[in-house]
>>> print(open('model_14.pdb').read())   # PDB, C-alpha atoms
ATOM      1  CA  MET A   1       3.941  -2.517  40.999
ATOM      2  CA  PRO A   2       2.130  -1.394  37.833
ATOM      3  CA  LYS A   3       0.506  -4.151  35.791
ATOM      4  CA  LYS A   4       2.220  -5.025  32.511
ATOM      5  CA  SER A   5       0.763  -6.858  29.555
ATOM      6  CA  ILE A   6       2.145 -10.249  28.553
ATOM      7  CA  LYS A   7       3.485  -8.623  25.382
ATOM      8  CA  GLN A   8       5.311  -5.954  27.424
ATOM      9  CA  LEU A   9       6.845  -8.626  29.638
ATOM     10  CA  ALA A  10       7.978 -10.683  26.649
ATOM     11  CA  LEU A  11       9.583  -7.634  25.050
ATOM     12  CA  GLU A  12      11.266  -6.795  28.359
ATOM     13  CA  TYR A  13      12.906 -10.233  28.386
ATOM     14  CA  PHE A  14      14.074  -9.911  24.769
ATOM     15  CA  LYS A  15      15.500  -6.446  25.539
ATOM     16  CA  MET A  16      17.469  -7.968  28.432
ATOM     17  CA  HIS A  17      18.983 -10.404  25.886
ATOM     18  CA  PRO A  18      19.680  -8.280  22.787
ATOM     19  CA  ASN A  19      20.975 -10.020  19.653
ATOM     20  CA  GLU A  20      20.457 -13.503  21.157
ATOM     21  CA  ASP A  21      18.501 -16.230  19.369
ATOM     22  CA  LEU A  22      15.891 -17.169  21.976
ATOM     23  CA  THR A  23      13.703 -20.259  21.989
ATOM     24  CA  HIS A  24      10.247 -20.706  23.474
ATOM     25  CA  GLY A  25      11.120 -22.199  26.889
ATOM     26  CA  PRO A  26      13.193 -19.585  28.738
ATOM     27  CA  VAL A  27      11.105 -16.653  27.468
ATOM     28  CA  VAL A  28       7.770 -18.202  28.448
ATOM     29  CA  ASP A  29       9.105 -19.352  31.855
ATOM     30  CA  TRP A  30      10.335 -15.851  32.690
ATOM     31  CA  VAL A  31       7.145 -14.142  31.473
ATOM     32  CA  GLU A  32       4.991 -16.523  33.540
ATOM     33  CA  LYS A  33       7.063 -15.947  36.727
ATOM     34  CA  GLU A  34       7.075 -12.163  36.282
ATOM     35  CA  ASN A  35       3.325 -12.027  35.629
ATOM     36  CA  ILE A  36       2.616 -14.035  38.795
ATOM     37  CA  LYS A  37       5.032 -11.792  40.747
ATOM     38  CA  LEU A  38       3.081  -8.750  39.544
ATOM     39  CA  GLY A  39      -0.109 -10.226  41.001
ATOM     40  CA  GLY A  40      -1.404 -11.911  37.881
ATOM     41  CA  THR A  41      -2.061 -15.519  37.038
ATOM     42  CA  LYS A  42      -0.210 -17.911  34.763
ATOM     43  CA  PRO A  43      -0.812 -16.569  31.222
ATOM     44  CA  ARG A  44      -2.522 -18.891  28.753
ATOM     45  CA  ASP A  45      -0.353 -18.419  25.647
ATOM     46  CA  PRO A  46       2.606 -16.031  25.984
ATOM     47  CA  TRP A  47       3.982 -17.340  22.686
ATOM     48  CA  ARG A  48       1.073 -15.711  20.833
ATOM     49  CA  ASP A  49       2.241 -12.297  22.110
ATOM     50  CA  ILE A  50       5.798 -13.093  21.040
ATOM     51  CA  ARG A  51       4.542 -13.873  17.519
ATOM     52  CA  LYS A  52       2.714 -10.520  17.557
ATOM     53  CA  LEU A  53       5.977  -8.762  18.408
ATOM     54  CA  HIS A  54       7.458 -10.379  15.300
ATOM     55  CA  GLN A  55       4.445  -9.433  13.156
ATOM     56  CA  GLU A  56       4.792  -5.829  14.319
ATOM     57  CA  GLY A  57       8.427  -5.809  13.213
ATOM     58  CA  ILE A  58       9.932  -5.703  16.715
ATOM     59  CA  LEU A  59      11.450  -9.205  16.733
ATOM     60  CA  ILE A  60      13.286 -11.049  13.981
ATOM     61  CA  LYS A  61      12.161 -14.617  13.327
ATOM     62  CA  VAL A  62      15.355 -16.666  13.072
ATOM     63  CA  GLY A  63      13.719 -20.075  12.705
ATOM     64  CA  LYS A  64      10.690 -22.023  13.842
ATOM     65  CA  GLY A  65      10.033 -20.916  17.423
ATOM     66  CA  ILE A  66      13.259 -18.870  17.571
ATOM     67  CA  TYR A  67      13.255 -15.066  17.738
ATOM     68  CA  ARG A  68      15.841 -12.317  18.208
ATOM     69  CA  TYR A  69      15.617  -8.716  19.398
ATOM     70  CA  ASP A  70      18.067  -6.479  17.521
ATOM     71  CA  PRO A  71      17.876  -2.814  18.624
ATOM     72  CA  SER A  72      19.267  -1.596  15.271
ATOM     73  CA  TYR A  73      16.636  -3.621  13.362
ATOM     74  CA  ILE A  74      13.842  -1.660  15.060
ATOM     75  CA  HIS A  75      15.194   1.517  13.495
ATOM     76  CA  LYS A  76      15.295  -0.099  10.049
ATOM     77  CA  VAL A  77      11.707  -1.325  10.410
ATOM     78  CA  GLU A  78      10.524   2.170  11.296
ATOM     79  CA  LEU A  79      12.271   3.545   8.226
ATOM     80  CA  PHE A  80      11.377   0.889   5.703
ATOM     81  CA  ASP A  81       8.242  -0.986   6.775
ATOM     82  CA  PHE A  82       4.634   0.142   6.756
ATOM     83  CA  PRO A  83       3.241   0.860  10.224
ATOM     84  CA  PRO A  84       0.823  -1.928  11.289
ATOM     85  CA  GLU A  85      -2.308   0.214  10.764
ATOM     86  CA  VAL A  86      -1.218   1.205   7.213
ATOM     87  CA  LYS A  87      -0.384  -2.414   6.382
ATOM     88  CA  GLU A  88      -3.835  -3.508   7.543
ATOM     89  CA  ALA A  89      -5.495  -0.753   5.480
ATOM     90  CA  ILE A  90      -3.601  -1.935   2.362
ATOM     91  CA  PHE A  91      -4.676  -5.546   2.955
ATOM     92  CA  LYS A  92      -8.290  -4.478   3.517
ATOM     93  CA  ARG A  93      -8.364  -2.335   0.352
ATOM     94  CA  ASP A  94      -6.969  -5.268  -1.686
ATOM     95  CA  ASN A  95      -9.416  -7.753  -0.070
ATOM     96  CA  TYR A  96      -6.530  -9.626   1.593
ATOM     97  CA  LYS A  97      -5.460 -10.971  -1.842
ATOM     98  CA  CYS A  98      -2.319 -10.699  -3.953
ATOM     99  CA  VAL A  99      -2.883  -8.078  -6.656
ATOM    100  CA  VAL A 100      -0.913 -10.244  -9.122
ATOM    101  CA  CYS A 101      -2.377 -13.744  -8.717
ATOM    102  CA  GLY A 102      -5.507 -13.171  -6.611
ATOM    103  CA  ARG A 103      -4.517 -15.697  -3.923
ATOM    104  CA  GLY A 104      -4.732 -14.694  -0.278
ATOM    105  CA  ARG A 105      -5.387 -15.618   3.309
ATOM    106  CA  LYS A 106      -8.553 -17.574   2.458
ATOM    107  CA  ASP A 107      -6.364 -19.809   0.257
ATOM    108  CA  GLY A 108      -3.887 -20.300   3.102
ATOM    109  CA  VAL A 109      -1.340 -18.054   1.365
ATOM    110  CA  GLU A 110       0.870 -15.636   3.312
ATOM    111  CA  ILE A 111       0.426 -12.036   2.146
ATOM    112  CA  CYS A 112       2.799  -9.077   2.380
ATOM    113  CA  ALA A 113       2.392  -5.309   2.139
ATOM    114  CA  ASP A 114       4.733  -4.215  -0.643
ATOM    115  CA  HIS A 115       5.971  -0.734  -1.567
ATOM    116  CA  ILE A 116       4.998   0.025  -5.175
ATOM    117  CA  LEU A 117       7.836   2.550  -5.376
ATOM    118  CA  PRO A 118      10.599   1.188  -3.101
ATOM    119  CA  LYS A 119      11.675   3.257  -0.101
ATOM    120  CA  ASP A 120      15.255   3.461  -1.384
ATOM    121  CA  LYS A 121      13.906   5.138  -4.536
ATOM    122  CA  GLY A 122      11.846   7.698  -2.637
ATOM    123  CA  GLY A 123       8.677   5.663  -1.997
ATOM    124  CA  SER A 124       6.592   6.513   1.048
ATOM    125  CA  ASN A 125       4.946   4.407   3.753
ATOM    126  CA  THR A 126       1.473   5.457   2.590
ATOM    127  CA  ILE A 127      -1.552   3.358   1.649
ATOM    128  CA  LYS A 128      -1.371   4.791  -1.869
ATOM    129  CA  ASN A 129       2.205   3.469  -2.289
ATOM    130  CA  GLY A 130       1.278   0.012  -0.986
ATOM    131  CA  GLN A 131      -0.030  -3.142  -2.602
ATOM    132  CA  THR A 132      -0.772  -6.649  -1.347
ATOM    133  CA  LEU A 133       1.436  -9.413  -2.720
ATOM    134  CA  CYS A 134       1.576 -13.098  -1.846
ATOM    135  CA  ALA A 135       4.935 -14.256  -0.468
ATOM    136  CA  GLU A 136       5.848 -15.760  -3.862
ATOM    137  CA  HIS A 137       5.221 -12.589  -5.874
ATOM    138  CA  ASN A 138       6.803 -10.439  -3.172
ATOM    139  CA  LEU A 139       9.985 -12.519  -3.498
ATOM    140  CA  ILE A 140       9.898 -12.263  -7.299
ATOM    141  CA  LYS A 141       9.533  -8.477  -7.037
ATOM    142  CA  LYS A 142      12.420  -8.221  -4.592
ATOM    143  CA  ASN A 143      14.634 -10.085  -7.046
ATOM    144  CA  LEU A 144      13.397  -8.204 -10.128
ATOM    145  CA  SER A 145      12.368  -4.644 -10.901
ATOM    146  CA  GLN A 146       8.642  -4.013 -11.249
ATOM    147  CA  THR A 147       8.841  -3.951 -15.050
ATOM    148  CA  GLU A 148      10.857  -7.190 -15.090
ATOM    149  CA  ALA A 149       8.383  -8.875 -12.751
ATOM    150  CA  GLY A 150       5.541  -7.592 -14.948
ATOM    151  CA  LYS A 151       7.096  -8.961 -18.126
ATOM    152  CA  LYS A 152       7.717 -12.357 -16.510
ATOM    153  CA  PHE A 153       4.071 -12.444 -15.422
ATOM    154  CA  ILE A 154       2.871 -11.537 -18.948
ATOM    155  CA  ILE A 155       5.068 -14.314 -20.383
ATOM    156  CA  LYS A 156       3.357 -16.759 -18.020
ATOM    157  CA  MET A 157      -0.096 -15.430 -19.029
ATOM    158  CA  TYR A 158       0.857 -15.753 -22.690
ATOM    159  CA  GLU A 159       2.053 -19.356 -22.308
ATOM    160  CA  ASN A 160      -1.184 -20.254 -20.500
ATOM    161  CA  ALA A 161      -3.200 -18.580 -23.263
ATOM    162  CA  VAL A 162      -1.321 -20.539 -25.952
ATOM    163  CA  ALA A 163      -1.910 -23.789 -24.055
ATOM    164  CA  ALA A 164      -5.645 -22.954 -23.801
ATOM    165  CA  ASP A 165      -5.797 -21.685 -27.395
ATOM    166  CA  ASP A 166      -7.243 -18.393 -26.057
ATOM    167  CA  LEU A 167      -6.747 -16.145 -29.094
ATOM    168  CA  LYS A 168      -8.014 -12.992 -27.392
ATOM    169  CA  MET A 169      -5.532 -13.333 -24.515
ATOM    170  CA  ILE A 170      -2.731 -14.215 -26.953
ATOM    171  CA  ARG A 171      -3.362 -10.960 -28.870
ATOM    172  CA  PHE A 172      -3.529  -8.990 -25.614
ATOM    173  CA  CYS A 173      -0.181 -10.331 -24.393
ATOM    174  CA  LYS A 174       1.475  -9.710 -27.754
ATOM    175  CA  GLU A 175       0.365  -6.078 -27.621
ATOM    176  CA  LEU A 176       1.920  -5.759 -24.173
ATOM    177  CA  PHE A 177       5.182  -7.271 -25.463
ATOM    178  CA  ASP A 178       5.087  -4.734 -28.328
ATOM    179  CA  VAL A 179       4.861  -1.902 -25.785
ATOM    180  CA  TYR A 180       7.899  -3.275 -23.919
ATOM    181  CA  ASP A 181       9.793  -3.437 -27.252
ATOM    182  CA  LYS A 182       8.643   0.011 -28.401
ATOM    183  CA  GLU A 183       9.749   1.645 -25.134
ATOM    184  CA  GLY A 184      12.992  -0.360 -25.005
ATOM    185  CA  ILE A 185      12.206  -1.782 -21.574
ATOM    186  CA  ASN A 186      13.635  -5.110 -20.352
ATOM    187  CA  GLY A 187      14.906  -6.288 -23.724
ATOM    188  CA  HIS A 188      17.195  -8.686 -21.824
ATOM    189  CA  ILE A 189      14.107 -10.802 -21.087
ATOM    190  CA  PRO A 190      13.199 -12.375 -24.426
ATOM    191  CA  ARG A 191       9.562 -12.464 -25.387
ATOM    192  CA  PRO A 192       8.104 -15.879 -26.221
ATOM    193  CA  ASN A 193       8.344 -16.849 -29.868
ATOM    194  CA  HIS A 194       5.248 -18.960 -30.405
ATOM    195  CA  LYS A 195       3.812 -18.773 -33.945
ATOM    196  CA  ARG A 196       0.237 -17.598 -33.577
TER     197      ARG A 196
END
>>> encode(input="model_14.pdb", output="structure tokens")
Amino acid sequence: MPKKSIKQLALEYFKMHPNEDLTHGPVVDWVEKENIKLGGTKPRDPWRDIRKLHQEGILIKVGKGIYRYDPSYIHKVELFDFPPEVKEAIFKRDNYKCVVCGRGRKDGVEICADHILPKDKGGSNTIKNGQTLCAEHNLIKKNLSQTEAGKKFIIKMYENAVAADDLKMIRFCKELFDVYDKEGINGHIPRPNHKR
């Protein structure tokens, strides 16, 4: 029989149980038995390969230590997610840090590759259309448009500048608010009204 990698064996098991929420035990037991049957030894950490399958967008993480293989999800991932090599190139270009707050892997913060122009608005899966966001700012962006997220961030910068009595930053933020007002963008988000 041809040799299979631990990752291939794990995926094989998930494919035999589509749309089931699978925990660690049965998957690892089966992978270990199959690998020994194929002439290999007991693998050291099959769960690491299962996590990789999730990171590559092949498995859905349902909960801690619980994954699901959904054949229709694979198609969605191919359409809407960056391929792994493009994602890595985006992270590398952005020094593995969120382009909004500057936090990243070295700070123990989860990072995401985000589409600058969303796929459903014609954005591509290219490095140029990607940016690194921390999980927090990625969630904010998903819930708000880019201009809304930007205005919220400027409001936060402005409030920090007021608290620090940083007059230069206060002026800078006010000018940005003026641009929002002039262009009639996101008027539903009120600008701060500090007297400075």
>>> resolve_selection(input="model_14.pdb", expression="the PyMOL selection byres ((chain A and resi 20) around 10)", output="list of chain:residue names")
A:Phe14, A:Lys15, A:Met16, A:His17, A:Pro18, A:Asn19, A:Asp21, A:Leu22, A:Thr23, A:Ile66, A:Tyr67, A:Arg68, A:Tyr69, A:Asp70
>>> closest_residue(input="model_14.pdb", among="A:Ile154, A:Val27, A:Ala163, A:Val179", to="A:Glu12", atoms="only C-alpha atoms")
A:Val27
>>> residues_around(input="model_14.pdb", residues="A:Lys4", least_positions_apart="5", cutoff="9 Å", atoms="all atoms listed in the file", output="list in words")
Leu9, Asn35 and Leu38 of chain A
>>> atom_distance(input="model_14.pdb", atom1="atom CA of A:Thr147", atom2="atom CA of A:Lys119")
16.8 Å
>>> resolve_selection(input="model_14.pdb", expression="the PyMOL selection byres ((chain A and resi 189) around 12)", output="PyMOL selection string")
chain A and resi 144+147-155+177+180-181+184-188+190-192
>>> resolve_selection(input="model_14.pdb", expression="the PyMOL selection byres ((chain A and resi 40) around 12)", output="PyMOL selection string")
chain A and resi 1-6+31-39+41-44
>>> atom_distance(input="model_14.pdb", atom1="atom CA of A:Asp114", atom2="atom CA of A:Ile90")
9.1 Å
>>> atom_distance(input="model_14.pdb", atom1="atom CA of A:Ala10", atom2="atom CA of A:Tyr96")
29.0 Å
>>> closest_residue(input="model_14.pdb", among="A:Leu167, A:Leu11, A:Cys173, A:Gly102", to="A:Arg51", atoms="only C-alpha atoms")
A:Leu11
>>> build_atoms(input="model_14.pdb", residues="stretch 43-57 of chain A", atoms="N, CA and C atoms", output="PDB file, in the frame of the given file")
ATOM      1  N   PRO A  43      -0.185 -16.907  32.506  1.00  0.00           N
ATOM      2  CA  PRO A  43      -0.812 -16.569  31.222  1.00  0.00           C
ATOM      3  C   PRO A  43      -1.071 -17.804  30.376  1.00  0.00           C
ATOM      4  N   ARG A  44      -2.122 -17.734  29.561  1.00  0.00           N
ATOM      5  CA  ARG A  44      -2.522 -18.891  28.753  1.00  0.00           C
ATOM      6  C   ARG A  44      -1.551 -19.195  27.621  1.00  0.00           C
ATOM      7  N   ASP A  45      -1.189 -18.158  26.823  1.00  0.00           N
ATOM      8  CA  ASP A  45      -0.353 -18.419  25.647  1.00  0.00           C
ATOM      9  C   ASP A  45       0.593 -17.251  25.383  1.00  0.00           C
ATOM     10  N   PRO A  46       1.665 -17.138  26.190  1.00  0.00           N
ATOM     11  CA  PRO A  46       2.606 -16.031  25.984  1.00  0.00           C
ATOM     12  C   PRO A  46       3.225 -16.049  24.581  1.00  0.00           C
ATOM     13  N   TRP A  47       3.333 -17.238  23.992  1.00  0.00           N
ATOM     14  CA  TRP A  47       3.982 -17.340  22.686  1.00  0.00           C
ATOM     15  C   TRP A  47       3.206 -16.582  21.602  1.00  0.00           C
ATOM     16  N   ARG A  48       1.890 -16.469  21.786  1.00  0.00           N
ATOM     17  CA  ARG A  48       1.073 -15.711  20.833  1.00  0.00           C
ATOM     18  C   ARG A  48       1.510 -14.235  20.825  1.00  0.00           C
ATOM     19  N   ASP A  49       1.790 -13.686  22.018  1.00  0.00           N
ATOM     20  CA  ASP A  49       2.241 -12.297  22.110  1.00  0.00           C
ATOM     21  C   ASP A  49       3.637 -12.122  21.525  1.00  0.00           C
ATOM     22  N   ILE A  50       4.459 -13.145  21.634  1.00  0.00           N
ATOM     23  CA  ILE A  50       5.798 -13.093  21.040  1.00  0.00           C
ATOM     24  C   ILE A  50       5.673 -13.072  19.517  1.00  0.00           C
ATOM     25  N   ARG A  51       4.773 -13.897  18.975  1.00  0.00           N
ATOM     26  CA  ARG A  51       4.542 -13.873  17.519  1.00  0.00           C
ATOM     27  C   ARG A  51       4.048 -12.503  17.066  1.00  0.00           C
ATOM     28  N   LYS A  52       3.202 -11.863  17.897  1.00  0.00           N
ATOM     29  CA  LYS A  52       2.714 -10.520  17.557  1.00  0.00           C
ATOM     30  C   LYS A  52       3.862  -9.523  17.499  1.00  0.00           C
ATOM     31  N   LEU A  53       4.810  -9.649  18.420  1.00  0.00           N
ATOM     32  CA  LEU A  53       5.977  -8.762  18.408  1.00  0.00           C
ATOM     33  C   LEU A  53       6.749  -8.921  17.095  1.00  0.00           C
ATOM     34  N   HIS A  54       6.807 -10.144  16.595  1.00  0.00           N
ATOM     35  CA  HIS A  54       7.458 -10.379  15.300  1.00  0.00           C
ATOM     36  C   HIS A  54       6.634  -9.755  14.169  1.00  0.00           C
ATOM     37  N   GLN A  55       5.319  -9.966  14.201  1.00  0.00           N
ATOM     38  CA  GLN A  55       4.445  -9.433  13.156  1.00  0.00           C
ATOM     39  C   GLN A  55       4.480  -7.911  13.114  1.00  0.00           C
ATOM     40  N   GLU A  56       4.721  -7.289  14.256  1.00  0.00           N
ATOM     41  CA  GLU A  56       4.792  -5.829  14.319  1.00  0.00           C
ATOM     42  C   GLU A  56       6.178  -5.314  13.953  1.00  0.00           C
ATOM     43  N   GLY A  57       7.093  -6.223  13.643  1.00  0.00           N
ATOM     44  CA  GLY A  57       8.427  -5.809  13.213  1.00  0.00           C
ATOM     45  C   GLY A  57       9.385  -5.518  14.347  1.00  0.00           C
TER      46      GLY A  57
END
